[in-house]
file upload-v1.txt (compact mmCIF, C-alpha atoms and all ligand atoms)
# COMPACT_ATOMS: atom_id res chain seq x y z
CA MET A 16 -21.05 0.84 -15.09
CA ARG A 17 -23.83 -1.70 -15.52
CA LEU A 18 -26.53 -3.25 -13.35
CA ALA A 19 -26.67 -6.93 -14.11
CA GLY A 20 -27.77 -10.27 -12.78
CA ALA A 21 -24.96 -12.57 -11.69
CA GLU A 22 -25.40 -16.32 -11.34
CA LEU A 23 -23.43 -18.01 -8.57
CA LEU A 24 -21.26 -20.79 -9.97
CA GLU A 25 -19.25 -21.80 -6.94
CA SER A 26 -18.95 -20.83 -3.29
CA ARG A 27 -16.28 -22.13 -0.95
CA GLU A 28 -14.80 -21.25 2.38
CA ILE A 29 -11.09 -20.92 1.56
CA LEU A 30 -10.03 -19.82 5.06
CA PRO A 31 -11.98 -19.78 8.33
CA GLY A 32 -14.77 -17.23 7.77
CA GLN A 33 -13.42 -16.20 4.35
CA TRP A 34 -15.30 -17.08 1.20
CA LEU A 35 -14.47 -17.17 -2.47
CA GLN A 36 -17.48 -16.95 -4.76
CA THR A 37 -17.47 -17.09 -8.55
CA PHE A 38 -20.30 -15.66 -10.63
CA HIS A 39 -21.22 -15.71 -14.29
CA ALA A 40 -21.67 -12.02 -15.04
CA PRO A 41 -20.41 -11.27 -18.57
CA ALA A 42 -21.89 -7.77 -18.68
CA LEU A 43 -19.87 -6.77 -15.59
CA VAL A 44 -16.66 -8.50 -16.59
CA ALA A 45 -16.46 -6.71 -19.94
CA GLY A 46 -14.05 -3.84 -19.42
CA ALA A 47 -13.44 -4.55 -15.72
CA ARG A 48 -9.96 -3.61 -14.50
CA ALA A 49 -7.91 -4.45 -11.45
CA GLY A 50 -8.72 -2.19 -8.52
CA GLN A 51 -12.39 -1.75 -9.41
CA PHE A 52 -15.26 -3.08 -7.34
CA VAL A 53 -18.85 -4.28 -7.57
CA HIS A 54 -21.75 -3.17 -5.40
CA VAL A 55 -23.87 -6.15 -4.57
CA ARG A 56 -27.47 -6.31 -3.40
CA THR A 57 -28.44 -8.84 -0.79
CA GLY A 58 -31.61 -10.72 -1.63
CA ASP A 59 -32.98 -10.17 1.86
CA TYR A 60 -34.74 -6.81 1.77
CA SER A 61 -35.84 -6.91 5.42
CA GLY A 62 -33.75 -4.03 6.67
CA MET A 63 -30.73 -4.50 4.38
CA VAL A 64 -31.41 -1.79 1.85
CA LEU A 65 -27.78 -0.92 1.20
CA ARG A 66 -25.67 -2.86 -1.26
CA ARG A 67 -22.30 -4.20 -0.12
CA PRO A 68 -19.06 -3.27 -1.97
CA PHE A 69 -16.49 -5.95 -2.87
CA SER A 70 -13.28 -5.72 -4.86
CA ILE A 71 -13.26 -7.61 -8.13
CA ASN A 72 -10.97 -10.42 -7.03
CA THR A 73 -10.59 -11.91 -10.50
CA ALA A 74 -12.37 -11.40 -13.82
CA ASP A 75 -12.06 -13.42 -16.99
CA ALA A 76 -13.34 -11.68 -20.11
CA GLY A 77 -13.19 -14.97 -22.04
CA THR A 78 -15.66 -16.81 -19.81
CA GLY A 79 -17.55 -13.85 -18.32
CA VAL A 80 -16.71 -15.12 -14.82
CA LEU A 81 -15.77 -12.88 -11.92
CA SER A 82 -14.96 -13.73 -8.33
CA ILE A 83 -15.22 -11.97 -5.00
CA HIS A 84 -13.34 -12.92 -1.82
CA PHE A 85 -14.84 -11.73 1.43
CA ARG A 86 -14.91 -12.22 5.16
CA SER A 87 -18.27 -12.94 6.74
CA ILE A 88 -18.47 -10.19 9.37
CA GLY A 89 -22.08 -9.03 9.48
CA ARG A 90 -25.60 -9.59 8.25
CA GLY A 91 -24.93 -8.88 4.59
CA THR A 92 -21.82 -10.99 4.15
CA GLU A 93 -23.42 -13.79 6.20
CA TRP A 94 -26.37 -13.73 3.79
CA PHE A 95 -24.00 -14.20 0.83
CA THR A 96 -22.48 -17.32 2.41
CA ARG A 97 -25.93 -18.97 2.24
CA LEU A 98 -26.26 -18.48 -1.53
CA ARG A 99 -26.29 -21.71 -3.53
CA PRO A 100 -24.97 -22.36 -7.07
CA GLY A 101 -27.55 -21.42 -9.67
CA GLU A 102 -29.01 -18.59 -7.57
CA ARG A 103 -28.83 -15.08 -9.00
CA ILE A 104 -28.06 -11.78 -7.32
CA ASP A 105 -27.78 -8.32 -8.76
CA MET A 106 -24.52 -6.44 -9.02
CA LEU A 107 -23.64 -2.91 -10.03
CA GLY A 108 -20.23 -2.42 -11.60
CA PRO A 109 -17.47 -2.23 -12.46
CA LEU A 110 -17.14 0.82 -10.20
CA GLY A 111 -14.34 3.15 -9.22
CA ARG A 112 -10.94 3.93 -10.64
CA PRO A 113 -8.51 1.11 -11.35
CA PHE A 114 -4.80 0.67 -10.66
CA GLU A 115 -2.65 2.29 -13.34
CA VAL A 116 0.52 0.50 -14.38
CA ASP A 117 3.16 2.54 -16.19
CA PRO A 118 3.84 0.81 -19.54
CA ARG A 119 7.58 0.89 -18.72
CA SER A 120 7.22 -0.89 -15.36
CA ARG A 121 8.56 -4.44 -15.49
CA HIS A 122 8.71 -5.27 -11.77
CA LEU A 123 5.54 -4.86 -9.71
CA LEU A 124 5.50 -5.12 -5.92
CA LEU A 125 2.06 -5.99 -4.58
CA VAL A 126 1.42 -5.69 -0.84
CA ALA A 127 -1.69 -7.14 0.79
CA GLY A 128 -2.80 -7.25 4.39
CA GLY A 129 -5.45 -9.89 5.20
CA LEU A 130 -8.57 -9.34 3.09
CA GLY A 131 -6.58 -6.75 1.16
CA MET A 132 -5.56 -9.71 -1.00
CA ALA A 133 -8.91 -9.31 -2.77
CA GLY A 134 -7.93 -5.76 -3.74
CA VAL A 135 -4.68 -6.71 -5.52
CA ARG A 136 -5.35 -10.27 -6.68
CA PHE A 137 -6.74 -9.25 -10.10
CA LEU A 138 -3.71 -7.01 -10.70
CA ALA A 139 -1.44 -10.07 -10.38
CA ASP A 140 -3.35 -11.72 -13.26
CA GLU A 141 -3.23 -8.59 -15.42
CA ALA A 142 0.49 -8.07 -14.80
CA ILE A 143 1.44 -11.70 -15.55
CA ARG A 144 -0.66 -11.57 -18.73
CA ASP A 145 1.28 -8.47 -19.79
CA GLY A 146 4.65 -10.16 -19.20
CA ARG A 147 5.58 -8.34 -15.97
CA GLN A 148 7.28 -9.82 -12.93
CA VAL A 149 5.24 -9.79 -9.75
CA THR A 150 6.27 -10.16 -6.12
CA LEU A 151 3.38 -10.28 -3.71
CA LEU A 152 4.01 -9.57 -0.02
CA PHE A 153 1.19 -10.81 2.18
CA GLY A 154 0.63 -10.21 5.88
CA ALA A 155 -1.70 -12.02 8.28
CA ALA A 156 -1.99 -12.51 12.01
CA ARG A 157 -1.18 -16.24 11.94
CA ALA A 158 -0.66 -19.24 9.66
CA ALA A 159 -4.37 -20.16 9.68
CA GLU A 160 -5.16 -16.85 7.97
CA VAL A 161 -2.58 -17.06 5.20
CA TYR A 162 -4.04 -16.91 1.71
CA PRO A 163 -3.37 -20.24 -0.07
CA SER A 164 -0.55 -20.00 -2.61
CA THR A 165 -2.48 -22.47 -4.81
CA LEU A 166 -4.95 -19.67 -5.59
CA LEU A 167 -2.23 -17.50 -7.11
CA PRO A 168 -0.68 -17.72 -10.58
CA ASP A 169 2.49 -19.87 -10.53
CA GLU A 170 4.54 -16.96 -11.87
CA VAL A 171 3.99 -14.82 -8.76
CA GLU A 172 6.75 -14.74 -6.12
CA TYR A 173 4.76 -15.00 -2.90
CA VAL A 174 6.32 -13.84 0.38
CA VAL A 175 4.44 -14.16 3.65
CA ALA A 176 4.72 -12.42 7.01
CA THR A 177 2.74 -13.38 10.10
CA ASP A 178 2.46 -11.39 13.30
CA ASP A 179 3.23 -14.49 15.42
CA GLY A 180 5.89 -15.92 13.08
CA SER A 181 3.94 -19.17 12.54
CA VAL A 182 4.68 -18.88 8.79
CA GLY A 183 7.27 -16.77 6.99
CA HIS A 184 8.71 -13.57 8.38
CA ARG A 185 7.77 -12.79 11.98
CA GLY A 186 6.32 -9.29 12.09
CA PHE A 187 4.44 -6.87 9.89
CA VAL A 188 4.37 -7.22 6.11
CA THR A 189 5.62 -3.63 5.83
CA GLU A 190 8.96 -4.79 7.29
CA LEU A 191 9.55 -6.79 4.10
CA VAL A 192 9.21 -3.80 1.80
CA PRO A 193 12.77 -2.37 2.14
CA THR A 194 14.14 -5.67 0.73
CA TYR A 195 12.12 -5.24 -2.48
CA GLU A 196 11.79 -1.49 -2.96
CA GLY A 197 14.96 -1.22 -5.03
CA TRP A 198 13.76 -3.96 -7.36
CA ALA A 199 10.25 -2.60 -7.81
CA ASP A 200 9.29 -0.10 -10.50
CA GLN A 201 5.89 0.42 -8.90
CA SER A 202 4.01 -0.83 -5.88
CA PHE A 203 0.29 -1.48 -5.27
CA ALA A 204 -1.31 -2.13 -1.91
CA CYS A 205 -4.58 -2.96 -0.22
CA GLY A 206 -5.21 -3.68 3.44
CA PRO A 207 -5.87 -2.03 6.79
CA GLN A 208 -5.43 1.72 6.85
CA PRO A 209 -2.45 1.73 9.28
CA MET A 210 -0.65 -0.61 6.88
CA LEU A 211 -1.35 1.70 3.94
CA ALA A 212 -0.22 4.74 5.92
CA ALA A 213 3.04 2.99 6.85
CA LEU A 214 3.63 2.08 3.20
CA ALA A 215 2.92 5.67 2.15
CA ARG A 216 5.59 6.90 4.60
CA LEU A 217 8.08 4.39 3.19
CA ALA A 218 7.25 5.42 -0.38
CA GLU A 219 7.77 9.08 0.48
CA GLY A 220 11.38 8.49 1.52
CA ARG A 221 12.17 5.92 -1.14
CA ARG A 222 13.63 8.17 -3.80
CA GLU A 223 16.11 9.72 -1.37
CA ARG A 224 17.06 6.33 0.10
CA LEU A 225 17.68 4.70 -3.26
CA GLY A 226 18.54 7.70 -5.41
CA VAL A 227 16.18 6.51 -8.14
CA ALA A 228 14.90 8.58 -11.04
CA LYS A 229 11.27 9.63 -11.10
CA LEU A 230 9.11 7.73 -13.58
CA GLY A 231 7.87 9.88 -16.41
CA ARG A 232 10.72 12.40 -16.46
CA LYS A 233 12.01 11.40 -19.87
CA LYS A 234 8.84 11.36 -21.89
CA GLY A 235 6.57 14.35 -21.45
CA GLY A 236 8.70 15.49 -18.51
CA GLY A 237 7.54 19.06 -18.87
CA LYS A 238 3.85 18.24 -18.85
CA VAL A 239 1.76 19.10 -15.83
CA VAL A 240 0.05 15.94 -14.61
CA ARG A 241 -3.16 16.56 -12.68
CA GLN A 242 -3.39 14.81 -9.32
CA GLY A 243 -6.22 12.34 -9.33
CA SER A 244 -5.91 11.66 -13.06
CA ALA A 245 -5.01 8.26 -14.45
CA ALA A 246 -1.67 9.73 -15.60
CA GLY A 247 -1.05 11.03 -12.07
CA ARG A 248 -1.66 7.61 -10.53
CA ARG A 249 0.52 5.99 -13.17
CA ARG A 250 3.45 8.15 -12.01
CA SER A 251 3.00 7.26 -8.33
CA PHE A 252 5.44 4.70 -7.02
CA LEU A 253 2.74 3.50 -4.61
CA GLN A 254 -0.95 3.21 -5.39
CA VAL A 255 -3.31 2.20 -2.60
CA SER A 256 -6.81 0.78 -2.70
CA MET A 257 -8.83 2.35 0.13
CA GLU A 258 -11.90 1.02 1.94
CA GLN A 259 -14.56 3.11 3.57
CA ASN A 260 -18.15 2.38 4.59
CA MET A 261 -20.32 3.06 1.57
CA GLY A 262 -23.87 4.09 0.85
CA CYS A 263 -24.62 4.78 -2.79
CA ALA A 264 -21.18 3.91 -4.33
CA VAL A 265 -21.88 6.29 -7.22
CA GLY A 266 -20.69 9.57 -5.72
CA ALA A 267 -23.98 11.01 -4.48
CA CYS A 268 -24.19 10.52 -0.70
CA LEU A 269 -20.65 11.59 0.39
CA GLY A 270 -20.69 8.72 2.86
CA CYS A 271 -17.30 7.39 1.84
CA VAL A 272 -14.95 10.38 1.93
CA VAL A 273 -11.32 10.39 3.02
CA MET A 274 -9.25 13.57 3.22
CA GLY A 275 -7.11 14.42 0.23
CA ALA A 276 -3.63 15.90 0.59
CA SER A 277 -4.89 19.05 -1.15
CA GLY A 278 -7.49 19.53 1.61
CA THR A 279 -10.34 18.42 -0.62
CA PRO A 280 -12.39 15.43 0.58
CA GLN A 281 -12.10 12.49 -1.79
CA ARG A 282 -14.95 10.05 -2.39
CA VAL A 283 -13.56 6.53 -2.24
CA CYS A 284 -16.30 5.31 -4.60
CA ARG A 285 -15.62 7.94 -7.32
CA GLU A 286 -12.15 9.46 -6.96
CA GLY A 287 -10.97 6.06 -5.62
CA PRO A 288 -10.85 3.40 -4.44
CA VAL A 289 -7.35 3.56 -5.94
CA PHE A 290 -5.29 6.64 -5.09
CA GLY A 291 -1.67 7.61 -5.49
CA SER A 292 -0.27 7.41 -1.93
CA GLU A 293 0.69 11.11 -2.03
CA GLU A 294 -2.93 12.09 -2.75
CA ILE A 295 -4.12 11.13 0.74
CA ALA A 296 -3.74 13.19 3.95
CA TRP A 297 -2.85 10.16 6.06
CA ASP A 298 -2.68 12.01 9.37
CA SER A 299 -5.95 13.91 9.05
CA GLY A 300 -8.03 11.23 10.85
CA TRP A 301 -11.10 11.55 8.63
C1 LIG A 401 -14.32 -0.46 -2.30
C2 LIG A 401 -14.50 -1.53 -1.25
C3 LIG A 401 -14.11 -2.82 -1.53
C4 LIG A 401 -14.27 -3.82 -0.57
N1 LIG A 401 -13.86 -5.07 -0.89
C5 LIG A 401 -14.00 -6.05 0.02
C6 LIG A 401 -13.56 -7.38 -0.31
O1 LIG A 401 -13.09 -7.64 -1.41
N2 LIG A 401 -13.73 -8.33 0.64
C7 LIG A 401 -14.28 -8.05 1.88
O2 LIG A 401 -14.39 -8.96 2.71
N3 LIG A 401 -14.70 -6.81 2.19
C8 LIG A 401 -14.58 -5.83 1.31
N4 LIG A 401 -15.02 -4.57 1.61
C9 LIG A 401 -15.69 -4.38 2.91
C10 LIG A 401 -17.12 -4.94 2.80
O3 LIG A 401 -17.85 -4.13 1.91
C11 LIG A 401 -17.80 -4.99 4.16
O4 LIG A 401 -17.12 -5.93 4.94
C12 LIG A 401 -19.25 -5.42 4.04
O5 LIG A 401 -20.00 -4.41 3.40
C13 LIG A 401 -19.84 -5.70 5.40
O6 LIG A 401 -21.21 -6.01 5.21
P1 LIG A 401 -22.03 -6.77 6.34
O7 LIG A 401 -23.48 -6.53 6.11
O8 LIG A 401 -21.62 -8.20 6.45
O9 LIG A 401 -21.54 -6.11 7.66
P2 LIG A 401 -22.24 -4.93 8.46
O10 LIG A 401 -23.21 -5.57 9.40
O11 LIG A 401 -22.71 -3.85 7.56
O12 LIG A 401 -20.97 -4.42 9.23
C14 LIG A 401 -20.21 -5.30 10.06
C15 LIG A 401 -18.91 -4.61 10.42
O13 LIG A 401 -18.17 -4.30 9.22
C16 LIG A 401 -17.86 -2.92 9.13
N5 LIG A 401 -18.01 -2.50 7.74
C17 LIG A 401 -19.16 -2.37 7.05
N6 LIG A 401 -18.93 -1.94 5.81
C18 LIG A 401 -17.58 -1.76 5.72
C19 LIG A 401 -16.72 -1.31 4.70
N7 LIG A 401 -17.19 -0.89 3.52
N8 LIG A 401 -15.41 -1.28 4.94
C20 LIG A 401 -14.92 -1.66 6.12
N9 LIG A 401 -15.69 -2.11 7.14
C21 LIG A 401 -16.99 -2.14 6.93
C22 LIG A 401 -18.89 -2.25 10.01
O14 LIG A 401 -18.41 -1.01 10.51
C23 LIG A 401 -19.09 -3.27 11.11
O15 LIG A 401 -18.08 -3.17 12.08
C24 LIG A 401 -14.86 -3.55 0.69
C25 LIG A 401 -15.27 -2.24 0.97
C26 LIG A 401 -15.08 -1.25 0.02
C27 LIG A 401 -15.50 0.15 0.33
S1 LIG A 402 -20.74 5.92 -1.19
FE1 LIG A 402 -22.03 7.58 -1.70
S2 LIG A 402 -20.57 9.08 -2.34
FE2 LIG A 402 -19.36 7.30 -2.07

call {"tool": "encode", "arguments": {"input": "upload-v1.txt", "output": "structure tokens"}}
result
Amino acid sequence: MRLAGAELLESREILPGQWLQTFHAPALVAGARAGQFVHVRTGDYSGMVLRRPFSINTADAGTGVLSIHFRSIGRGTEWFTRLRPGERIDMLGPLGRPFEVDPRSRHLLLVAGGLGMAGVRFLADEAIRDGRQVTLLFGAARAAEVYPSTLLPDEVEYVVATDDGSVGHRGFVTELVPTYEGWADQSFACGPQPMLAALARLAEGRRERLGVAKLGRKKGGGKVVRQGSAAGRRRSFLQVSMEQNMGCAVGACLGCVVMGASGTPQRVCREGPVFGSEEIAWDSGW
């Protein structure tokens, strides 16, 4: 984790109220992995003392450029939309635990709801770079909120669902999952909590429905894998990136907890934001 200045290179509104900003921040990009986030300070100190967390949308170690994709919903995000190229802000990162891809997984199913695209977008780049096949299921309310396919790598199979049927499948993105779950070796999701909970329920019944073998049985099958460890996440069919209001983002304030399946509160900023779906007590209403 580093605290570094980041220079804005480009800022554009890619969808109504949704912005894509690229920054030159080589110190933060070095070692950044998909699923991690940055904690960004607004330059306006008049009452906005807290930093704002954003998923690392893309990061390019070669150029030192990272991007964030956000919706302008309040004072902090509105302030970011007024930044101009050449201006510098300070960022803390990369923070949190990343997605873990099993080395044997060839077919990755990514599922994003709305702004959840920012949580899985970087994983698409990493997976394509590593020679994996990626299908990305994306859900939005209507056509006007559909993430542009031009911003995705050509190799990604992109399947869209809209609530009103104005583009793609009519209905929730979760309804598309049964079509792909037999193909996928692992799945990774980010989006609204009800969507993640629905995906977790689907993942729970998947093995019985498909009769598939559990990843990791062959090699080191006898080893005990600790929940919450990188190896534990790697064995999960579904990994989810959670969002929760944050204060410190470094594990100190306990402002970001969700309830773990073991009954132990989990800090999204430290134990997460990526969790194996079976690590979360989805019905506990934290
Ligand atoms: C790990 C993590 C990654 C995130 N990544 C992204 C991202 O890539 N793109 C993006 O648009 N947003 C992301 N968020 C949410 C983002 O941090 C908030 O939208 C932002 O902090 C709001 O700041 P604001 O000052 O504009 O709004 P505020 O005025 O602080 O709040 C406006 C509204 O947003 C809600 N809100 C505030 N913070 C959060 C939060 N952390 N999560 C959910 N709702 C919140 C408030 O309850 C309120 O209703 C992420 C959050 C986390 C925890
Ligand atoms: S935000 Fe402070 S502990 Fe997570």

call {"tool": "residues_around", "arguments": {"input": "upload-v1.txt", "residues": "Glu172 (chain A)", "least_positions_apart": "4", "cutoff": "9 Å", "atoms": "only C-alpha atoms", "output": "list in words"}}
result
Gln148, Val149, Thr150, Leu151 and Leu152 of chain A

call {"tool": "residues_near_ligand", "arguments": {"input": "upload-v1.txt", "ligand": "ligand LIG 401 (chain A)", "cutoff": "8 Å", "atoms": "only C-alpha atoms and all ligand atoms", "output": "number ranges by chain"}}
result
A: 33, 51-53, 63, 66-72, 83-94, 111, 130-134, 256-261, 271, 283-284, 288

call {"tool": "residues_near_ligand", "arguments": {"input": "upload-v1.txt", "ligand": "ligand LIG 402 (chain A)", "cutoff": "7 Å", "atoms": "all atoms listed in the file", "output": "ChimeraX atom specification"}}
result
/A:261-272,282-285

call {"tool": "closest_residue", "arguments": {"input": "upload-v1.txt", "among": "A:Phe137, A:Phe252, A:Phe153, A:Tyr162", "to": "Glu190 (chain A)", "atoms": "only C-alpha atoms"}}
result
A:Phe153

call {"tool": "atom_distance", "arguments": {"input": "upload-v1.txt", "atom1": "CA of Leu124 (chain A)", "atom2": "CA of Phe203 (chain A)"}}
result
6.4 Å

call {"tool": "residues_around", "arguments": {"input": "upload-v1.txt", "residues": "Met274 (chain A)", "least_positions_apart": "5", "cutoff": "10 Å", "atoms": "all atoms listed in the file", "output": "list in words"}}
result
Thr279, Pro280, Gln281, Arg282, Val283, Glu294, Ile295, Ala296, Trp297, Asp298, Ser299, Gly300 and Trp301 of chain A

call {"tool": "write_last_selection", "arguments": {"input": "upload-v1.txt", "atoms": "C-alpha atoms", "output": "mmCIF file, in the coordinates of the input"}}
result
data_model
loop_
_atom_site.group_PDB
_atom_site.id
_atom_site.type_symbol
_atom_site.label_atom_id
_atom_site.label_comp_id
_atom_site.auth_asym_id
_atom_site.auth_seq_id
_atom_site.Cartn_x
_atom_site.Cartn_y
_atom_site.Cartn_z
ATOM 1 C CA THR A 279 -10.340 18.420 -0.620
ATOM 2 C CA PRO A 280 -12.390 15.430 0.580
ATOM 3 C CA GLN A 281 -12.100 12.490 -1.790
ATOM 4 C CA ARG A 282 -14.950 10.050 -2.390
ATOM 5 C CA VAL A 283 -13.560 6.530 -2.240
ATOM 6 C CA GLU A 294 -2.930 12.090 -2.750
ATOM 7 C CA ILE A 295 -4.120 11.130 0.740
ATOM 8 C CA ALA A 296 -3.740 13.190 3.950
ATOM 9 C CA TRP A 297 -2.850 10.160 6.060
ATOM 10 C CA ASP A 298 -2.680 12.010 9.370
ATOM 11 C CA SER A 299 -5.950 13.910 9.050
ATOM 12 C CA GLY A 300 -8.030 11.230 10.850
ATOM 13 C CA TRP A 301 -11.100 11.550 8.630
#

call {"tool": "atom_distance", "arguments": {"input": "upload-v1.txt", "atom1": "CA of Arg144 (chain A)", "atom2": "CA of Arg249 (chain A)"}}
result
18.5 Å

call {"tool": "atom_distance", "arguments": {"input": "upload-v1.txt", "atom1": "CA of Val116 (chain A)", "atom2": "CA of Ala176 (chain A)"}}
result
25.3 Å

call {"tool": "closest_atom_pairs", "arguments": {"input": "upload-v1.txt", "of": "region 69-187 of chain A", "to": "region 36-49 of chain A", "cutoff": "6 Å", "atoms": "only C-alpha atoms", "output": "CSV"}}
result
residue,atom,partner,partner_atom,distance
A:Ala74,CA,A:Val44,CA,5.9
A:Ala76,CA,A:Val44,CA,5.8
A:Gly79,CA,A:Pro41,CA,3.9
A:Val80,CA,A:His39,CA,4.6
A:Leu81,CA,A:Phe38,CA,5.5
A:Ser82,CA,A:Thr37,CA,4.2
A:Ile83,CA,A:Gln36,CA,5.5
A:Gly108,CA,A:Leu43,CA,5.9
A:Pro109,CA,A:Ala47,CA,5.7
A:Pro113,CA,A:Ala49,CA,5.6
A:Phe137,CA,A:Ala49,CA,5.1
A:Leu138,CA,A:Ala49,CA,5.0

call {"tool": "closest_residue", "arguments": {"input": "upload-v1.txt", "among": "A:Gly226, A:Arg216, A:Val175, A:Arg27", "to": "Arg99 (chain A)", "atoms": "all atoms listed in the file"}}
result
A:Arg27

call {"tool": "residues_around", "arguments": {"input": "upload-v1.txt", "residues": "region 237-243 of chain A", "least_positions_apart": "4", "cutoff": "9 Å", "atoms": "only C-alpha atoms", "output": "compact mmCIF listing (two decimals) with C-alpha atoms, in the coordinates of the input"}}
result
# COMPACT_ATOMS: atom_id res chain seq x y z
CA ARG A 232 10.72 12.40 -16.46
CA LYS A 233 12.01 11.40 -19.87
CA GLY A 247 -1.05 11.03 -12.07
CA ARG A 248 -1.66 7.61 -10.53
CA ARG A 250 3.45 8.15 -12.01
CA GLU A 286 -12.15 9.46 -6.96
CA GLY A 287 -10.97 6.06 -5.62
CA PHE A 290 -5.29 6.64 -5.09
CA GLY A 291 -1.67 7.61 -5.49
CA GLU A 294 -2.93 12.09 -2.75

call {"tool": "residues_near_point", "arguments": {"input": "upload-v1.txt", "point": "(6.8, -12.1, 9.8)", "cutoff": "12 Å", "atoms": "all atoms listed in the file", "output": "ChimeraX atom specification"}}
result
/A:152-158,161,174-192

call {"tool": "residues_around", "arguments": {"input": "upload-v1.txt", "residues": "Glu170 (chain A)", "least_positions_apart": "3", "cutoff": "12 Å", "atoms": "all atoms listed in the file", "output": "ChimeraX atom specification"}}
result
/A:139-144,146-151,164-167,173

call {"tool": "write_last_selection", "arguments": {"input": "upload-v1.txt", "atoms": "C-alpha atoms", "output": "short mmCIF file (atom, residue, chain, number, x, y, z; two decimals), in the frame of the given file"}}
result
data_model
loop_
_atom_site.label_atom_id
_atom_site.label_comp_id
_atom_site.auth_asym_id
_atom_site.auth_seq_id
_atom_site.Cartn_x
_atom_site.Cartn_y
_atom_site.Cartn_z
CA ALA A 139 -1.44 -10.07 -10.38
CA ASP A 140 -3.35 -11.72 -13.26
CA GLU A 141 -3.23 -8.59 -15.42
CA ALA A 142 0.49 -8.07 -14.80
CA ILE A 143 1.44 -11.70 -15.55
CA ARG A 144 -0.66 -11.57 -18.73
CA GLY A 146 4.65 -10.16 -19.20
CA ARG A 147 5.58 -8.34 -15.97
CA GLN A 148 7.28 -9.82 -12.93
CA VAL A 149 5.24 -9.79 -9.75
CA THR A 150 6.27 -10.16 -6.12
CA LEU A 151 3.38 -10.28 -3.71
CA SER A 164 -0.55 -20.00 -2.61
CA THR A 165 -2.48 -22.47 -4.81
CA LEU A 166 -4.95 -19.67 -5.59
CA LEU A 167 -2.23 -17.50 -7.11
CA TYR A 173 4.76 -15.00 -2.90
#

call {"tool": "residues_around", "arguments": {"input": "upload-v1.txt", "residues": "Ile104 (chain A)", "least_positions_apart": "4", "cutoff": "9 Å", "atoms": "only C-alpha atoms", "output": "PyMOL selection string"}}
result
chain A and resi 19-23+55-58

call {"tool": "residues_near_point", "arguments": {"input": "upload-v1.txt", "point": "(-0.5, 0.5, -1.1)", "cutoff": "6 Å", "atoms": "only C-alpha atoms", "output": "PyMOL selection string"}}
result
chain A and resi 203-205+211+253-255
